[in-house]
>>> print(open('input-v7.cif').read())   # mmCIF, C-alpha atoms
data_protein
loop_
_atom_site.label_atom_id
_atom_site.label_comp_id
_atom_site.auth_asym_id
_atom_site.auth_seq_id
_atom_site.Cartn_x
_atom_site.Cartn_y
_atom_site.Cartn_z
CA MET B 154 137.59 -64.89 47.79
CA ASN B 155 141.22 -64.56 46.75
CA GLU B 156 142.94 -61.48 45.32
CA GLY B 157 142.38 -62.52 41.72
CA ASP B 158 138.65 -63.14 42.23
CA PHE B 159 138.31 -59.83 44.02
CA ASP B 160 140.08 -57.90 41.27
CA LYS B 161 137.92 -59.57 38.65
CA LEU B 162 134.76 -58.78 40.58
CA VAL B 163 135.67 -55.13 41.07
CA HIS B 164 136.76 -54.78 37.46
CA GLU B 165 133.39 -56.08 36.32
CA HIS B 166 131.48 -53.71 38.58
CA GLN B 167 133.65 -50.61 38.45
CA GLY B 168 131.19 -48.80 36.20
CA LEU B 169 128.59 -49.14 38.95
CA ILE B 170 131.05 -47.86 41.59
CA TRP B 171 132.06 -44.89 39.44
CA LYS B 172 128.43 -43.91 38.89
CA LEU B 173 127.90 -44.08 42.64
CA CYS B 174 130.92 -41.81 43.18
CA LYS B 175 129.72 -39.33 40.55
CA THR B 176 126.26 -39.27 42.14
CA PHE B 177 127.65 -38.23 45.50
CA PHE B 178 130.49 -35.90 44.53
CA ARG B 179 130.91 -33.47 41.67
CA ASN B 180 134.59 -32.89 42.24
CA GLU B 181 136.86 -35.38 40.45
CA ALA B 182 139.34 -35.62 43.32
CA ASP B 183 136.52 -36.45 45.76
CA GLN B 184 135.14 -39.04 43.33
CA LYS B 185 138.55 -40.75 43.14
CA ASP B 186 138.89 -40.55 46.88
CA LEU B 187 135.51 -42.19 47.38
CA PHE B 188 136.31 -44.82 44.76
CA GLN B 189 139.43 -45.80 46.68
CA ASP B 190 137.56 -45.79 49.99
CA ILE B 191 134.89 -48.09 48.57
CA LEU B 192 137.52 -50.39 47.13
CA TYR B 193 139.24 -50.60 50.48
CA LYS B 194 135.96 -51.29 52.29
CA LEU B 195 135.03 -53.99 49.78
CA TRP B 196 138.45 -55.60 50.16
CA LYS B 197 138.23 -55.42 53.95
CA GLY B 198 134.71 -56.84 54.02
CA LYS B 199 135.09 -59.39 51.21
CA ASP B 200 134.61 -62.23 53.68
CA SER B 201 131.30 -60.74 54.86
CA PHE B 202 129.89 -61.14 51.36
CA GLN B 203 127.19 -63.77 51.50
CA GLN B 204 126.70 -65.70 48.33
CA GLN B 205 122.91 -65.73 48.72
CA SER B 206 122.63 -62.00 48.02
CA ARG B 207 123.56 -60.46 44.67
CA VAL B 208 127.06 -59.05 44.20
CA SER B 209 125.61 -55.70 43.14
CA THR B 210 123.50 -55.56 46.34
CA TRP B 211 126.65 -56.06 48.42
CA ILE B 212 128.58 -53.46 46.41
CA TYR B 213 125.70 -50.97 46.67
CA ARG B 214 125.44 -51.46 50.43
CA VAL B 215 129.16 -51.05 51.07
CA GLY B 216 129.51 -48.24 48.51
CA LEU B 217 126.48 -46.25 49.61
CA ASN B 218 127.39 -46.57 53.29
CA GLN B 219 130.85 -45.27 52.50
CA ALA B 220 129.50 -42.46 50.30
CA ILE B 221 127.02 -41.30 52.93
CA ASP B 222 129.75 -41.45 55.56
CA LYS B 223 132.02 -39.35 53.39
CA THR B 224 129.38 -36.68 52.78
CA ARG B 225 129.45 -36.12 56.54
CA THR B 226 133.12 -35.27 56.53
CA LYS B 227 132.95 -33.27 53.31
CA LYS B 228 130.42 -30.64 54.24
CA LYS B 229 129.21 -28.32 51.59
CA GLY B 230 126.62 -25.62 51.23
CA LEU B 231 123.86 -25.38 48.68
CA VAL B 232 125.04 -26.06 45.18
CA SER B 233 124.88 -23.03 42.97
CA LEU B 234 125.71 -23.06 39.33
CA SER B 235 128.56 -20.63 38.94
CA GLU B 236 129.23 -18.85 35.67
CA ALA B 237 132.36 -20.92 35.11
CA ASN B 238 130.43 -24.13 35.65
CA ALA B 239 127.70 -22.96 33.34
CA LEU B 240 130.21 -22.14 30.63
CA ASN B 241 131.80 -25.53 31.10
CA LEU B 242 128.46 -27.14 30.62
CA ALA B 243 127.70 -24.92 27.68
CA THR B 244 130.75 -26.19 25.82
CA GLU B 245 129.43 -29.67 26.37
CA ARG B 246 126.14 -28.70 24.86
CA ALA B 247 127.41 -29.54 21.44
CA ARG B 248 127.58 -33.12 22.68
CA GLN B 249 123.95 -33.37 23.82
CA PRO B 250 124.05 -36.67 25.79
CA GLU B 251 126.99 -35.57 27.97
CA TYR B 252 125.32 -32.22 28.51
CA ASP B 253 122.05 -33.80 29.69
CA ILE B 254 123.83 -36.29 31.93
CA GLU B 255 125.96 -33.59 33.52
CA ALA B 256 122.84 -31.47 34.14
CA LEU B 257 121.17 -34.52 35.69
CA TYR B 258 124.16 -35.15 37.97
CA ARG B 259 124.04 -31.50 39.05
CA ALA B 260 120.36 -31.87 39.85
CA ILE B 261 120.99 -35.07 41.83
CA ASP B 262 123.74 -33.27 43.73
CA GLN B 263 121.09 -31.05 45.32
CA LEU B 264 119.34 -34.00 46.95
CA LYS B 265 120.01 -35.21 50.49
CA PRO B 266 122.44 -38.18 50.82
CA LEU B 267 119.77 -40.82 51.44
CA GLU B 268 117.66 -39.43 48.61
CA LYS B 269 120.71 -39.68 46.34
CA ALA B 270 121.09 -43.32 47.32
CA LEU B 271 117.45 -44.06 46.54
CA ILE B 272 117.43 -42.27 43.19
CA LEU B 273 120.70 -43.90 42.12
CA LEU B 274 119.23 -47.35 42.74
CA TYR B 275 116.02 -46.38 40.94
CA LEU B 276 117.85 -44.98 37.91
CA GLU B 277 120.02 -48.09 37.80
CA GLN B 278 116.75 -49.97 37.31
CA GLU B 279 116.97 -51.98 40.51
CA THR B 280 113.63 -53.49 41.53
CA TYR B 281 111.76 -52.04 44.52
CA ARG B 282 112.52 -55.26 46.35
CA ASP B 283 116.26 -54.86 45.77
CA ILE B 284 116.16 -51.17 46.67
CA ALA B 285 114.36 -52.06 49.90
CA GLU B 286 117.03 -54.69 50.63
CA VAL B 287 119.91 -52.27 50.07
CA MET B 288 118.28 -49.41 51.97
CA GLY B 289 116.72 -51.37 54.84
CA LEU B 290 113.24 -49.95 54.19
CA SER B 291 109.94 -51.57 53.36
CA GLU B 292 108.98 -51.77 49.67
CA LYS B 293 105.99 -49.54 50.38
CA ASN B 294 108.18 -46.86 51.90
CA VAL B 295 110.57 -47.09 48.98
CA SER B 296 107.79 -46.45 46.48
CA VAL B 297 106.35 -43.56 48.53
CA LYS B 298 109.76 -41.94 48.90
CA LEU B 299 110.66 -42.41 45.26
CA VAL B 300 107.52 -40.64 44.02
CA ARG B 301 108.49 -37.57 46.09
CA ILE B 302 112.17 -37.69 45.18
CA LYS B 303 111.47 -38.02 41.45
CA GLU B 304 109.25 -34.94 41.57
CA LYS B 305 111.92 -33.05 43.47
CA LEU B 306 114.63 -34.15 41.06
CA LYS B 307 112.63 -33.09 38.01
CA GLY B 308 112.26 -29.64 39.55
CA TYR B 309 115.99 -29.41 40.24
CA TYR B 310 116.82 -30.61 36.72
CA LEU B 311 114.63 -27.97 35.14
CA ASP B 312 116.24 -25.34 37.40
CA VAL B 313 119.71 -26.37 36.22
CA ILE B 314 118.62 -26.13 32.58
CA LYS B 315 116.93 -22.76 33.23
CA GLN B 316 120.06 -21.41 34.92
CA LEU B 317 122.06 -22.46 31.89
CA GLU B 318 119.70 -20.62 29.58
CA GLN B 319 120.06 -17.51 31.73
CA HIS B 320 123.83 -17.69 31.36
CA GLY B 321 123.35 -16.98 27.68
CA THR B 322 123.69 -20.37 26.16
CA MET L 1482 112.78 -35.81 28.17
CA GLU L 1483 112.47 -38.35 30.99
CA LEU L 1484 115.25 -38.52 33.57
CA GLU L 1485 115.41 -42.30 33.25
CA GLN L 1486 116.14 -42.00 29.53
CA ILE L 1487 118.97 -39.53 30.15
CA TRP L 1488 120.47 -41.84 32.75
CA ASN L 1489 120.18 -44.90 30.54
CA ARG L 1490 122.09 -43.24 27.74
CA GLN L 1491 124.96 -42.95 30.17
CA ARG L 1492 124.72 -46.64 30.92
CA VAL L 1493 125.69 -47.36 27.31
CA SER L 1494 128.63 -44.99 27.37
CA ASP L 1495 129.79 -46.47 30.69
CA ASN L 1496 129.84 -49.94 29.26
CA GLU L 1497 131.71 -48.73 26.23
CA ARG L 1498 134.37 -47.08 28.32
CA ASP L 1499 137.07 -49.14 30.00
CA TRP L 1500 137.16 -47.27 33.27
CA ILE L 1501 140.34 -48.53 34.77
CA SER L 1502 142.76 -51.40 34.24
CA ARG L 1503 142.90 -54.35 36.64
CA GLU L 1504 146.52 -53.55 37.35
CA ALA L 1505 145.58 -50.02 38.46
CA LEU L 1506 142.79 -51.43 40.65
CA ARG L 1507 145.30 -53.61 42.44
CA THR L 1508 147.59 -50.63 43.08
CA PHE L 1509 144.67 -48.59 44.42
CA ARG L 1510 143.74 -51.29 46.86
CA LYS L 1511 147.25 -51.88 48.16
CA ARG L 1512 148.21 -48.24 48.35
CA TYR L 1513 145.11 -47.32 50.23
CA ALA L 1514 144.89 -50.31 52.53
CA MET L 1515 146.70 -48.63 55.40
CA GLY L 1516 145.40 -45.12 54.78
CA ILE L 1517 141.91 -45.22 56.23
CA MET L 1518 141.47 -44.38 59.93
CA LEU L 1519 138.34 -43.04 61.44
CA PRO L 1520 138.84 -39.73 63.32
CA LYS L 1521 137.25 -41.22 66.43
CA TYR L 1522 139.58 -44.19 66.24
CA ARG L 1523 142.56 -41.82 66.09
CA LEU L 1524 141.22 -39.86 69.04
CA LEU L 1525 140.98 -43.03 71.11
CA VAL L 1526 144.54 -44.05 70.26
CA PHE L 1527 145.78 -40.55 71.07
CA ASP L 1528 143.90 -40.49 74.36
CA SER L 1529 145.28 -43.90 75.36
CA VAL L 1530 148.83 -42.70 74.67
CA TYR L 1531 148.10 -39.50 76.61
CA LYS L 1532 146.89 -41.55 79.58
CA ALA L 1533 149.96 -43.79 79.38
CA ILE L 1534 152.21 -40.69 79.46
CA VAL L 1535 150.40 -39.41 82.56
CA VAL L 1536 150.88 -42.79 84.26
CA LEU L 1537 154.57 -42.70 83.30
CA GLY L 1538 154.79 -39.23 84.85
CA TYR L 1539 153.40 -40.56 88.15
CA VAL L 1540 155.69 -43.60 88.07
CA CYS L 1541 158.69 -41.27 87.66
CA LEU L 1542 157.43 -39.15 90.59
CA PHE L 1543 157.07 -42.33 92.60
CA CYS L 1544 160.68 -43.31 91.92
CA ILE L 1545 162.11 -39.87 92.73
CA GLY L 1546 162.53 -38.74 96.33
CA GLU L 1547 161.16 -40.01 99.59
CA LEU L 1548 158.58 -42.81 99.56
CA THR L 1549 155.44 -42.03 101.57
CA LEU L 1550 152.20 -43.90 101.99
CA LEU L 1551 150.26 -41.06 100.36
CA LYS L 1552 152.62 -41.05 97.38
CA ALA L 1553 152.37 -44.80 96.93
CA GLY L 1554 148.59 -44.68 97.31
CA THR L 1555 148.21 -41.85 94.79
CA THR L 1556 150.43 -43.57 92.22
CA ILE L 1557 148.59 -46.89 92.55
CA LEU L 1558 145.18 -45.22 92.46
CA ILE L 1559 145.92 -43.04 89.45
CA SER L 1560 147.74 -45.79 87.52
CA GLY L 1561 144.89 -48.20 88.22
CA ALA L 1562 142.24 -45.70 87.16
CA MET L 1563 144.15 -44.80 83.99
CA GLY L 1564 144.66 -48.49 83.20
CA LEU L 1565 140.91 -49.09 83.46
CA LEU L 1566 140.16 -46.08 81.27
CA ILE L 1567 142.67 -47.25 78.65
CA LEU L 1568 140.87 -50.61 78.66
CA LYS L 1569 137.56 -48.80 78.11
CA ASN L 1570 139.18 -46.92 75.22
CA PHE L 1571 140.27 -50.21 73.64
CA ARG L 1572 136.74 -51.60 73.90
CA LEU L 1573 135.37 -48.52 72.20
CA LYS L 1574 138.08 -48.71 69.54
CA LYS L 1575 137.15 -52.32 68.87
CA ALA L 1576 133.49 -51.40 68.53
CA ILE L 1577 134.43 -48.81 65.88
CA GLN L 1578 136.62 -51.35 64.07
CA ASN L 1579 133.83 -53.92 64.10
CA LEU L 1580 131.22 -51.63 62.58
CA ASP L 1581 129.81 -53.63 59.67
CA THR L 1582 129.30 -51.44 56.63
CA SER L 1583 127.95 -54.23 54.47
CA GLN L 1584 124.58 -54.04 56.22
CA ASP L 1585 121.68 -52.09 54.74
CA ILE L 1586 121.98 -48.29 54.77
CA ILE L 1587 119.44 -47.48 57.48
CA ARG L 1588 120.76 -50.17 59.83
CA THR L 1589 124.35 -48.97 59.35
CA LEU L 1590 123.31 -45.39 60.06
CA LYS L 1591 121.46 -46.49 63.19
CA GLU L 1592 124.54 -48.46 64.32
CA GLN L 1593 126.69 -45.40 63.71
CA TYR L 1594 124.24 -43.28 65.67
CA ARG L 1595 124.28 -45.75 68.55
CA LEU L 1596 128.07 -45.88 68.45
CA LEU L 1597 128.37 -42.11 68.36
CA TYR L 1598 126.08 -41.91 71.39
CA ARG L 1599 128.21 -44.51 73.15
CA PHE L 1600 131.30 -42.50 72.29
CA TYR L 1601 129.57 -39.40 73.60
CA ARG L 1602 128.53 -41.16 76.80
CA GLU L 1603 131.79 -43.01 77.53
CA PHE L 1604 134.58 -41.02 75.96
CA LEU L 1605 133.35 -37.63 77.15
CA PRO L 1606 134.10 -38.31 80.85
CA ILE L 1607 136.98 -40.71 80.09
CA GLY L 1608 138.77 -38.20 77.87
CA SER L 1609 138.28 -35.24 80.20
CA MET L 1610 139.36 -37.15 83.30
CA THR L 1611 143.03 -37.33 82.28
CA ASN L 1612 143.53 -33.56 82.37
CA PRO L 1613 143.17 -33.03 86.18
CA PHE L 1614 145.75 -35.78 86.74
CA LEU L 1615 148.10 -34.11 84.31
CA VAL L 1616 147.60 -30.76 86.08
CA LEU L 1617 148.30 -32.35 89.47
CA ALA L 1618 151.43 -34.07 88.13
CA GLY L 1619 152.50 -30.74 86.61
CA PHE L 1620 152.25 -29.00 89.98
CA GLN L 1621 154.20 -31.82 91.62
CA TYR L 1622 157.00 -31.58 89.03
CA TYR L 1623 157.07 -27.82 89.52
CA HIS L 1624 157.48 -28.34 93.26
CA LEU L 1625 160.12 -30.96 92.66
CA LEU L 1626 162.17 -28.65 90.47
CA LYS L 1627 161.79 -25.64 92.75
CA TYR L 1628 161.89 -27.18 96.23
CA GLN L 1629 163.43 -30.63 95.53
CA GLU L 1630 160.29 -32.43 96.81
CA ASP L 1631 156.99 -33.19 95.07
CA GLY L 1632 154.92 -31.36 97.70
CA LEU L 1633 151.89 -33.64 97.31
CA VAL L 1634 150.72 -33.12 100.90
CA LEU L 1635 151.03 -29.37 100.57
CA LEU L 1636 149.20 -29.34 97.25
CA LEU L 1637 146.33 -31.45 98.56
CA HIS L 1638 145.81 -28.97 101.40
CA ASP L 1639 145.66 -25.99 99.04
CA PRO L 1640 142.07 -25.20 97.93
CA VAL L 1641 143.32 -23.27 94.86
CA ILE L 1642 144.63 -26.52 93.37
CA TYR L 1643 141.10 -27.94 93.40
CA ILE L 1644 139.87 -25.02 91.33
CA PHE L 1645 142.51 -25.87 88.70
CA LEU L 1646 141.63 -29.56 88.85
CA VAL L 1647 137.92 -28.90 88.40
CA LEU L 1648 138.60 -26.49 85.54
CA ALA L 1649 140.89 -29.03 83.85
CA PHE L 1650 137.98 -31.47 83.85
CA VAL L 1651 135.06 -29.14 83.15
CA VAL L 1652 136.48 -27.05 80.27
CA PRO L 1653 137.31 -29.93 77.85
CA PHE L 1654 134.17 -31.74 79.00
CA VAL L 1655 131.91 -28.85 78.02
CA VAL L 1656 133.78 -28.12 74.76
CA ASN L 1657 133.65 -31.78 73.69
CA LYS L 1658 130.02 -32.10 74.76
CA ILE L 1659 129.09 -29.27 72.41
CA THR L 1660 131.09 -30.84 69.54
CA TYR L 1661 129.63 -34.32 69.97
CA ALA L 1662 126.11 -32.97 70.38
CA ALA L 1663 126.50 -31.17 67.05
CA GLU L 1664 127.74 -34.40 65.42
CA LEU L 1665 124.78 -36.33 66.78
CA LYS L 1666 122.39 -33.69 65.53
CA GLU L 1667 123.99 -33.81 62.10
CA LEU L 1668 123.64 -37.58 61.93
CA GLU L 1669 120.02 -37.32 63.04
CA GLN L 1670 119.33 -34.91 60.19
CA LEU L 1671 121.02 -37.25 57.76
CA ILE L 1672 118.89 -40.20 58.83
CA ASP L 1673 115.70 -38.16 58.88
CA ILE L 1674 114.14 -38.75 55.47
CA GLY L 1675 110.63 -38.18 56.65
CA LEU L 1676 109.82 -41.79 57.46
CA ASP L 1677 108.08 -42.53 60.76
CA GLU L 1678 109.56 -46.02 61.11
CA VAL L 1679 113.11 -44.61 61.04
CA SER L 1680 112.40 -41.56 63.24
CA LYS L 1681 110.76 -43.68 65.95
CA GLU L 1682 113.75 -46.02 66.19
CA ILE L 1683 116.15 -43.08 66.41
CA ASP L 1684 114.02 -41.56 69.19
CA LEU L 1685 114.23 -44.83 71.12
CA ILE L 1686 118.02 -44.99 70.83
CA ARG L 1687 118.25 -41.35 71.92
CA ILE L 1688 116.11 -41.84 75.05
CA LYS L 1689 117.95 -45.01 76.06
CA GLU L 1690 121.40 -43.52 75.58
CA LYS L 1691 120.51 -40.27 77.36
CA LYS L 1692 119.42 -42.28 80.39
CA ARG L 1693 122.71 -44.18 80.40
CA ALA L 1694 124.74 -40.96 80.00
CA ARG L 1695 122.90 -39.38 82.93
CA ARG L 1696 123.55 -42.44 85.09
CA ILE L 1697 127.29 -42.38 84.33
CA LEU L 1698 127.56 -38.64 84.96
CA PHE L 1699 125.66 -38.98 88.22
CA SER L 1700 127.94 -41.79 89.42
CA LEU L 1701 130.96 -39.73 88.46
CA LEU L 1702 129.70 -36.70 90.39
CA VAL L 1703 128.99 -38.86 93.45
CA LEU L 1704 132.53 -40.27 93.26
CA ILE L 1705 134.10 -36.81 92.94
CA GLY L 1706 131.92 -35.56 95.80
CA LEU L 1707 132.97 -38.43 98.06
CA LEU L 1708 136.65 -37.90 97.26
CA THR L 1709 136.38 -34.17 97.96
CA LEU L 1710 134.61 -34.88 101.24
CA LEU L 1711 137.33 -37.32 102.25
CA ILE L 1712 140.06 -34.80 101.45
CA ILE L 1713 138.27 -32.02 103.35
CA LEU L 1714 137.73 -34.28 106.36
CA ASN L 1715 141.37 -35.33 106.20
CA ALA L 1716 142.43 -31.66 106.17
CA ILE L 1717 140.19 -30.79 109.16
CA ILE L 1718 141.34 -33.74 111.26
#
>>> encode(input="input-v7.cif", output="C-alpha cells")
Amino acid sequence: MNEGDFDKLVHEHQGLIWKLCKTFFRNEADQKDLFQDILYKLWKGKDSFQQQSRVSTWIYRVGLNQAIDKTRTKKKGLVSLSEANALNLATERARQPEYDIEALYRAIDQLKPLEKALILLYLEQETYRDIAEVMGLSEKNVSVKLVRIKEKLKGYYLDVIKQLEQHGT
Amino acid sequence: MELEQIWNRQRVSDNERDWISREALRTFRKRYAMGIMLPKYRLLVFDSVYKAIVVLGYVCLFCIGELTLLKAGTTILISGAMGLLILKNFRLKKAIQNLDTSQDIIRTLKEQYRLLYRFYREFLPIGSMTNPFLVLAGFQYYHLLKYQEDGLVLLLHDPVIYIFLVLAFVVPFVVNKITYAAELKELEQLIDIGLDEVSKEIDLIRIKEKKRARRILFSLLVLIGLLTLLIILNAII
C-alpha cells in the first residue's frame, strides 16, 4: 500500500475513526490525540493488513486497541454531569438530534473500555460474527455480553437525561 | 426512543460532514510519525544509557592510577555484566516494538499483559542492579579525589559499604515492584469483562510468569549470597 492508497483509505474511513475517538473520549483534545495515534498505528501497520479481512475490521482492531491503550494512560474518575456540562447540553436541546447523540455519548462514556468497544461495534451495525472477529471472543459470548451492556447503557442514558431535567432544562 | 435509532441519526450527519481534508490527514501522519514512544520503551533506553555511563565510569577508573589485578577483574566483571544487561534491555525493547496491535482486542490485551509481566520479571532486577555499581563507583571516585587512589581494596573490606550497596538495590527494587504490580492489576481489571474464557487464560499467564519471576529472583539471591561469601572469606584469609 503506497502513501496515496493509504490516504485514500483513511479519508474514506475517517468518519468511523472519529466515532471511535468520540466513544472513548469526551474531551476534544483527547479525541484529536487518539485520532492521530490511530492514524500513526495504521500507517505503521499498513503492511500487516491482510486483504482477506475487511478494511473496517482492520481499522477497528487497530483503532480499538489504541483507544483501550490510551484509556490506561488517561485515567479518570466516574463521570459526573457538571452544571456547566448540563447547560452546554441544554443549549443543544433546541437541536434535538445533537442533544440525543451527545447524551448517548455521555452514557457510553460511563462504560468500561471493553464494553465501549463492544457497544460501538454493535451500534455501527457490525454483525455478531464481525464483532467476534474484532474482539477475539466467541459469537455466543458477544451476544451474552451485548444483552447486559445494552441494559446497562439504557440505564446510564436515562440517568443522563434525568440529570439534565434536574438542572432545570 | 431506541439507542440504535439515536446512533443511526448520527451516521447520516457523519456522512454529510467532510471531517478532514486529505491534505490535513497527510500532515497529521507525518507530523506524528516520530512522536509516539511507549513509556516502557523510553525507560529501557534510559536504563541502557545509564548502564553505559556506569561502565564508562569504571573504564575511567581503570585508566587512572595504578593497575591491580582486583581493579582489572572488577572492571571486566562489571563491564561484562552491564553489557549483558544492556543486551537484555534491547531484547525487551524489541519485544515492545514488535507488539502487533492489528490483532483482535482480547489477544492484544493478553499479549500486553504477558509483556508487562515479562517487563516486571526481567527489568525489575536488571534496572535495580545498576545502582549498587554506581554507588561503588561513587565511593571510588570520592576516594580518588580525596586520597589520590580509588581505595577499592579498602572499600571491599568495609562492611558499611555493603549496607549501602544492598540499599541501592533493594530500595528501587521494592518501589518499582509496587508500581509494576499496580500496573498489572490495572490491566487485569481492564481485561476482566466477566467472561470465564478470558479470566482463565489470564490466570494461566499469571501463574506461569510468577513461577519464572521467582526462579530469577532465587538465582539472583544465590549469586549475591555466593559473592558475599567469597568476599567475607577473602577478608578472613
>>> closest_residue(input="input-v7.cif", among="B:Asp312, B:Glu286, B:Asp200, B:Asp158", to="chain L", atoms="all atoms listed in the file")
B:Glu286
>>> atom_distance(input="input-v7.cif", atom1="CA of Tyr1598 in chain L", atom2="CA of Ile1534 in chain L")
27.4 Å
>>> residues_around(input="input-v7.cif", residues="range 254-268 of chain B", least_positions_apart="5", cutoff="6 Å", atoms="all atoms listed in the file", output="CSV table (one decimal) with C-alpha atoms, in the frame of the given file")
chain,number,residue,atom,x,y,z
B,221,ILE,CA,127.0,-41.3,52.9
B,309,TYR,CA,116.0,-29.4,40.2
B,310,TYR,CA,116.8,-30.6,36.7
>>> closest_residue(input="input-v7.cif", among="B:Leu271, B:Thr224, B:Lys315, B:Ile170", to="Leu290 in chain B", atoms="all atoms listed in the file")
B:Leu271
>>> interface_residues(input="input-v7.cif", of="chain B", to="chain L", cutoff="6 Å", atoms="all atoms listed in the file", output="NGL selection string")
:B and (193 or 214-215 or 218 or 276 or 287-289)
>>> resolve_selection(input="input-v7.cif", expression="the PyMOL selection byres ((chain L and resi 1573-1575) around 9)", output="ChimeraX atom specification")
/L:1521-1523,1525-1526,1568-1572,1576-1580,1596,1599-1600,1603-1604
>>> residues_around(input="input-v7.cif", residues="Pro1613 in chain L", least_positions_apart="2", cutoff="6 Å", atoms="only C-alpha atoms", output="PyMOL selection string")
chain L and resi 1611+1615-1616+1646+1649-1650
>>> write_last_selection(input="input-v7.cif", atoms="C-alpha atoms", output="PDB file, in the coordinates of the input")
ATOM      1  CA  THR L1611     143.030 -37.330  82.280  1.00  0.00           C
ATOM      2  CA  LEU L1615     148.100 -34.110  84.310  1.00  0.00           C
ATOM      3  CA  VAL L1616     147.600 -30.760  86.080  1.00  0.00           C
ATOM      4  CA  LEU L1646     141.630 -29.560  88.850  1.00  0.00           C
ATOM      5  CA  ALA L1649     140.890 -29.030  83.850  1.00  0.00           C
ATOM      6  CA  PHE L1650     137.980 -31.470  83.850  1.00  0.00           C
TER       7      PHE L1650
END
